[in-house]
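Have a look at the structure below before the remarks.
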Amino acid sequence: MAYTPAHSDWDEPELLDLGTAPVPEYGAGSLADLLPTLAAGQGVPGLSATLTELTPADRNCVFLIDGLGWEQIKAHPAEAPFLTSLLPSSRGGTGRPITAGFPATTATSLASVGTGLPPARHGLPGYAARNPATGELMNQLRWYPWTVPAVWQPYPTVFSLADAAGVATAQVSSPAFETTPLTKIALSGGTFHGRMSGEERVDLAADRLAAGDRSLVYTYYSELDGAGHRHGVDSDLWRGQLMYVDRLVQRLAEQLPPRTALYVTADHGMVDIPFDEDARIDFDEDWELRAGVALLGGEGRARHVYAVPGAEADVLTVWREVLGDRFWVASREEALELGWFGPPGECDERVLGRIGDVIAAAHADVAITASVNEPNESALTGMHGSMTPAEQLVPLLEVRCP
């Protein structure tokens with residue numbers, strides 16, 4: 001009897017439906033909605049309170065903890081008892097998270113926080129993006145190669161608008177960030193205070209909150225993210241950092257002056273990527289993925305793919321065939337229409353060429369690495385950038401002092 005193959009022997013991997021990608025809640029529940037909502041409640045003109053669950057306060061503090069995803073808090077109640085106790089307070093007492101925005105990465109998220117705009121408007125659409133004026137990749141976190149900050153991101157920050165409206169505005173962070181281009185275009189306005197330790201930052205943040213009848217204070221802690229990248233989000237070192245962060249948040253909460261709302265949030269979550277060839281797809285060693293590609297931007301879990309002119313359709317086809325069962329693979333036009341980078345129809349013209357001809361957003365626990373051109377990034381354990389809940393959902397924990 002001749003062998004008749006089972007139907008499954010001929011099955012091709014099923015491509016992910018682009019419509020299943022959990023698009024960020026721009027305009028209603030994203031990081032970009034936070035500061036405009038708080039400042040609008042303080043009477044700053046020209047801003048709208050789109051995060052309607054939040055109650056206005058005279059004094060507002062945003063404590064952004066880099067890498068502290070919603071899923072990570074829920075998974076570690078023993079290490080973060082205070083943060084865990086605040087989970088029901090998230091998003092105005094609804095007990096729900098907000099979304100970071102796409103890609104879920106620091107440069108993009110901090111720009112969204114500070115400007116109150118989605119990536120398609122502020123123009124930082126990922127870790128590394130093409131500069132249409134030069135054709136080079138621009139690292140938007142390290143700001144290299146140099147480009148004029150006010151040209152790259154021309155919109156005013158919410159901090160600058162609040163400061164002009166008479167709100168006592170301050171940022172409290174590491175001294176190393178005071179003069180960086182990313183701070184200038186995303187977080188400037190009012191007064192910057194550089195402090196080294198986490199304790200010094202939260203103590204000064206509480207002091208700055210009390211300095212005005214209306215105040216808006218931002219403070220930031222990055223070391224949790226670093227531990228996750230280097231060692232993973234379930235490592236002992238990451239857990240130790242989470243315990244420290246938990247104590248910092250409680251320390252700040254206990255010092256809040258009257259009429260204050262404290263909001264604890266993050267720029268993204270994180271996932272650990274196994275060190276094997278199935279989970280780490282090396283672009284630099286894959287001739288099929290490289291064909292027709294002029295530049296590879298973004299990062300491992302949220303790639304911008306810039307095609308050689310004329311090869312855009314072929315690159316999209318190949319990337320879908322090779323990766324489409326593990327990544328949402330979209331053309332630029334599809335991603336914009338689906339609202340990945342902001343509400344459909346609201347992409348600034350200057351931003352279009354920064355977005356890849358093809359965008360690949362990870363669904364499974366995989367990453368597209370580049371061992372030759374990105375050796376440091378390719379060696380990271382923890383990664384982020386995509387739209388999965390572990391990366392995209394961030395807390396908006398609230399503590400109020402009447």
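How things are named: the first chain in the structure tokens is A, the next is B, and so on; residues count from 1 in each chain; ligands count from 1 in the order shown.
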Can you list, as a short mmCIF file (atom, residue, chain, number, x, y, z; two decimals) with N, CA, C and O atoms, in the first residue's frame, every protein, DNA or RNA residue that comes within 12 Å of Glu200 of chain A when you count only C-alpha atoms, leaving out same-chain residues fewer than 2 positions away?
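Dumped to selection_30.cif:
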```cif
data_model
loop_
_atom_site.label_atom_id
_atom_site.label_comp_id
_atom_site.auth_asym_id
_atom_site.auth_seq_id
_atom_site.Cartn_x
_atom_site.Cartn_y
_atom_site.Cartn_z
N VAL A 172 13.35 65.03 38.68
CA VAL A 172 14.37 64.56 39.62
C VAL A 172 14.88 63.22 39.10
O VAL A 172 14.13 62.24 39.08
N SER A 173 16.13 63.19 38.67
CA SER A 173 16.65 61.98 38.03
C SER A 173 18.15 61.93 38.21
O SER A 173 18.75 62.75 38.94
N SER A 174 18.81 61.00 37.55
CA SER A 174 20.26 60.91 37.60
C SER A 174 20.89 62.15 36.97
O SER A 174 20.41 62.62 35.92
N PRO A 175 21.95 62.69 37.56
CA PRO A 175 22.62 63.85 36.94
C PRO A 175 23.08 63.58 35.51
O PRO A 175 23.18 64.51 34.71
N HIS A 193 16.65 68.45 38.63
CA HIS A 193 17.45 68.22 39.83
C HIS A 193 18.12 66.86 39.71
O HIS A 193 17.45 65.83 39.66
N GLY A 194 19.44 66.85 39.66
CA GLY A 194 20.16 65.59 39.56
C GLY A 194 20.53 65.03 40.92
O GLY A 194 21.15 65.73 41.74
N ARG A 195 20.14 63.80 41.18
CA ARG A 195 20.49 63.12 42.42
C ARG A 195 20.90 61.68 42.09
O ARG A 195 20.30 61.04 41.24
N MET A 196 21.90 61.18 42.79
CA MET A 196 22.45 59.88 42.46
C MET A 196 21.61 58.71 42.96
O MET A 196 21.27 57.81 42.21
N SER A 197 21.28 58.70 44.22
CA SER A 197 20.62 57.52 44.79
C SER A 197 19.11 57.61 44.67
O SER A 197 18.53 58.71 44.57
N GLY A 198 18.46 56.45 44.70
CA GLY A 198 17.02 56.42 44.66
C GLY A 198 16.39 57.13 45.84
O GLY A 198 15.37 57.83 45.69
N VAL A 202 13.64 60.32 45.63
CA VAL A 202 12.26 60.35 46.12
C VAL A 202 12.10 61.39 47.22
O VAL A 202 11.04 62.03 47.33
N ASP A 203 13.13 61.58 48.04
CA ASP A 203 13.04 62.60 49.08
C ASP A 203 12.92 64.00 48.47
O ASP A 203 12.12 64.83 48.92
N LEU A 204 13.72 64.26 47.44
CA LEU A 204 13.66 65.57 46.79
C LEU A 204 12.36 65.73 46.02
O LEU A 204 11.80 66.83 45.97
N ALA A 205 11.87 64.65 45.40
CA ALA A 205 10.59 64.74 44.71
C ALA A 205 9.48 65.17 45.66
O ALA A 205 8.65 66.02 45.33
N ALA A 206 9.46 64.61 46.85
CA ALA A 206 8.46 65.00 47.84
C ALA A 206 8.61 66.46 48.22
O ALA A 206 7.62 67.19 48.37
N ASP A 207 9.85 66.91 48.36
CA ASP A 207 10.12 68.32 48.69
C ASP A 207 9.62 69.24 47.59
O ASP A 207 9.01 70.28 47.85
N THR A 219 9.93 61.80 38.52
CA THR A 219 11.17 61.18 38.95
C THR A 219 11.29 59.81 38.30
O THR A 219 10.29 59.23 37.85
N TYR A 220 12.52 59.28 38.26
CA TYR A 220 12.82 58.15 37.38
C TYR A 220 13.87 57.26 38.02
O TYR A 220 14.79 57.75 38.68
N TYR A 221 13.71 55.95 37.79
CA TYR A 221 14.69 54.98 38.28
C TYR A 221 14.91 53.94 37.19
O TYR A 221 13.94 53.35 36.68
N LEU A 248 11.38 52.08 47.67
CA LEU A 248 11.43 53.48 47.21
C LEU A 248 10.03 54.06 47.05
O LEU A 248 9.76 55.20 47.46
N ARG A 251 8.56 54.71 50.39
CA ARG A 251 9.22 55.87 51.01
C ARG A 251 8.65 57.18 50.46
O ARG A 251 8.39 58.12 51.23
N LEU A 252 8.45 57.25 49.15
CA LEU A 252 7.88 58.45 48.56
C LEU A 252 6.43 58.63 48.98
O LEU A 252 6.00 59.74 49.34
#
```
Near Asp234 of chain A, within 9 Å and counting only C-alpha atoms, which residues show up once chain neighbours fewer than 6 positions away are dropped, as a PyMOL selection string? chain A and resi 72+228+272
Which is closer to Gly292 of chain A than all the others in A:Cys61, A:Val315, A:Val305, A:Val366, using only C-alpha atoms?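 When distances to Gly292 of chain A are compared using only C-alpha atoms, the smallest one comes from A:Val315.
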For Ala390 of chain A, list every protein, DNA or RNA residue within 8 Å, evaluated using only C-alpha atoms, and leave out those in the same chain fewer than 5 positions away; present the list as an mmCIF file with N, CA and C atoms, in the first residue's frame.
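Result file is out-v6.cif:
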```
data_model
loop_
_atom_site.group_PDB
_atom_site.id
_atom_site.type_symbol
_atom_site.label_atom_id
_atom_site.label_comp_id
_atom_site.auth_asym_id
_atom_site.auth_seq_id
_atom_site.Cartn_x
_atom_site.Cartn_y
_atom_site.Cartn_z
ATOM 1 N N GLY A 69 6.942 46.241 34.290
ATOM 2 C CA GLY A 69 5.695 45.901 33.644
ATOM 3 C C GLY A 69 4.629 45.426 34.616
ATOM 4 N N TRP A 70 3.388 45.557 34.189
ATOM 5 C CA TRP A 70 2.230 45.107 34.961
ATOM 6 C C TRP A 70 2.304 43.615 35.275
ATOM 7 N N GLU A 71 2.656 42.832 34.260
ATOM 8 C CA GLU A 71 2.733 41.393 34.454
ATOM 9 C C GLU A 71 3.829 41.022 35.446
ATOM 10 N N GLN A 72 4.930 41.780 35.456
ATOM 11 C CA GLN A 72 6.027 41.470 36.367
ATOM 12 C C GLN A 72 5.650 41.755 37.827
ATOM 13 N N GLY A 269 7.333 46.613 29.889
ATOM 14 C CA GLY A 269 7.692 45.432 30.653
ATOM 15 C C GLY A 269 8.855 44.726 29.969
ATOM 16 N N MET A 270 8.945 43.408 30.149
ATOM 17 C CA MET A 270 10.101 42.695 29.601
ATOM 18 C C MET A 270 9.818 41.198 29.579
ATOM 19 N N VAL A 271 10.457 40.509 28.625
ATOM 20 C CA VAL A 271 10.396 39.049 28.567
ATOM 21 C C VAL A 271 11.813 38.510 28.427
#
```
In terms of the shortest atom-to-atom distance over only C-alpha atoms, which of A:Ile368, A:Leu110, A:Leu187, A:Ala227 is closest to Thr381 of chain A?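 Under the stated criterion, the closest residue is A:Ala227.
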Need to verify the contact set: Gly46 of chain A, 10 Å, only C-alpha atoms, exclusion of same-chain residues closer than 6 positions in sequence. Can you return it as a PyMOL selection string? chain A and resi 36+39-40+161
Output C-alpha atoms for every residue in that selection, as a PDB file, in the first residue's frame.
```pdb
ATOM      1  CA  PRO A  36      -1.892  65.855  29.548  1.00  0.00           C
ATOM      2  CA  ALA A  39      -1.821  68.985  33.682  1.00  0.00           C
ATOM      3  CA  ALA A  40      -5.309  69.629  32.308  1.00  0.00           C
ATOM      4  CA  LEU A 161       3.446  74.021  29.026  1.00  0.00           C
TER       5      LEU A 161
END
```
Taking the DSSP secondary structure from the backbone, can you list the residues of segment 146-194 of chain A that are helix (DSSP H, G or I), as an MDAnalysis selection string? chainID A and resid 149:152 158:164 175:177 181:186
Kindly indicate which residue among A:Leu35, A:Val217, A:Leu137, A:Ala120 lies nearest to Leu295 of chain A, using only C-alpha atoms for the distances.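 Looking at the shortest contact to Leu295 of chain A, the residue is A:Leu137.
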What's the separation between atom CA of Asp284 of chain A and atom CA of Gly310 of chain A, in Å to one decimal place? 21.6 Å
So, counting only C-alpha atoms, which residue among A:Leu209, A:Val318, A:Leu323, A:Val308 is closest to Gly135 of chain A?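 Among the listed residues, A:Val308 lies closest to Gly135 of chain A.
For Gly19 of chain A, the list of residues within 12 Å, based on only C-alpha atoms and with local chain neighbours fewer than 2 positions off taken out, reads A:Leu15, A:Leu16, A:Asp17, A:Ala21, A:Pro22, A:Val23, A:Trp328, A:Val329, A:Ala330, A:Glu334, A:Ala335, A:Glu337, A:Leu338, A:Gly339, A:Trp340.
You will find atom CA of Gly300 of chain A at 21.1 Å from atom CA of Leu352 of chain A.
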Distance atom CA of Thr191 of chain A-atom CA of Ala164 of chain A, one decimal place?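 Spanning atom CA of Thr191 of chain A to atom CA of Ala164 of chain A is a straight-line distance of 12.2 Å.
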If we count only C-alpha atoms and set the cut-off at 6 Å, which residues sit around Ala302 of chain A, ignoring sequence neighbours fewer than 5 positions away in its own chain? Please answer as a list in words.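 Close residues of Ala302 of chain A: Ala360, Ala361, Gly385 and Ser386 of chain A.
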Counting only C-alpha atoms, which of A:Ser89, A:Asn131, A:Thr52, A:Thr99 gets nearest to Met387 of chain A?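 Nearest to Met387 of chain A: A:Thr99.
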Which residue is closest to Arg303 of chain A? Choose from A:Lys74, A:Arg201, A:Arg230, A:Arg130 and count only C-alpha atoms.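 Closest to Arg303 of chain A, using only C-alpha atoms: A:Arg130.
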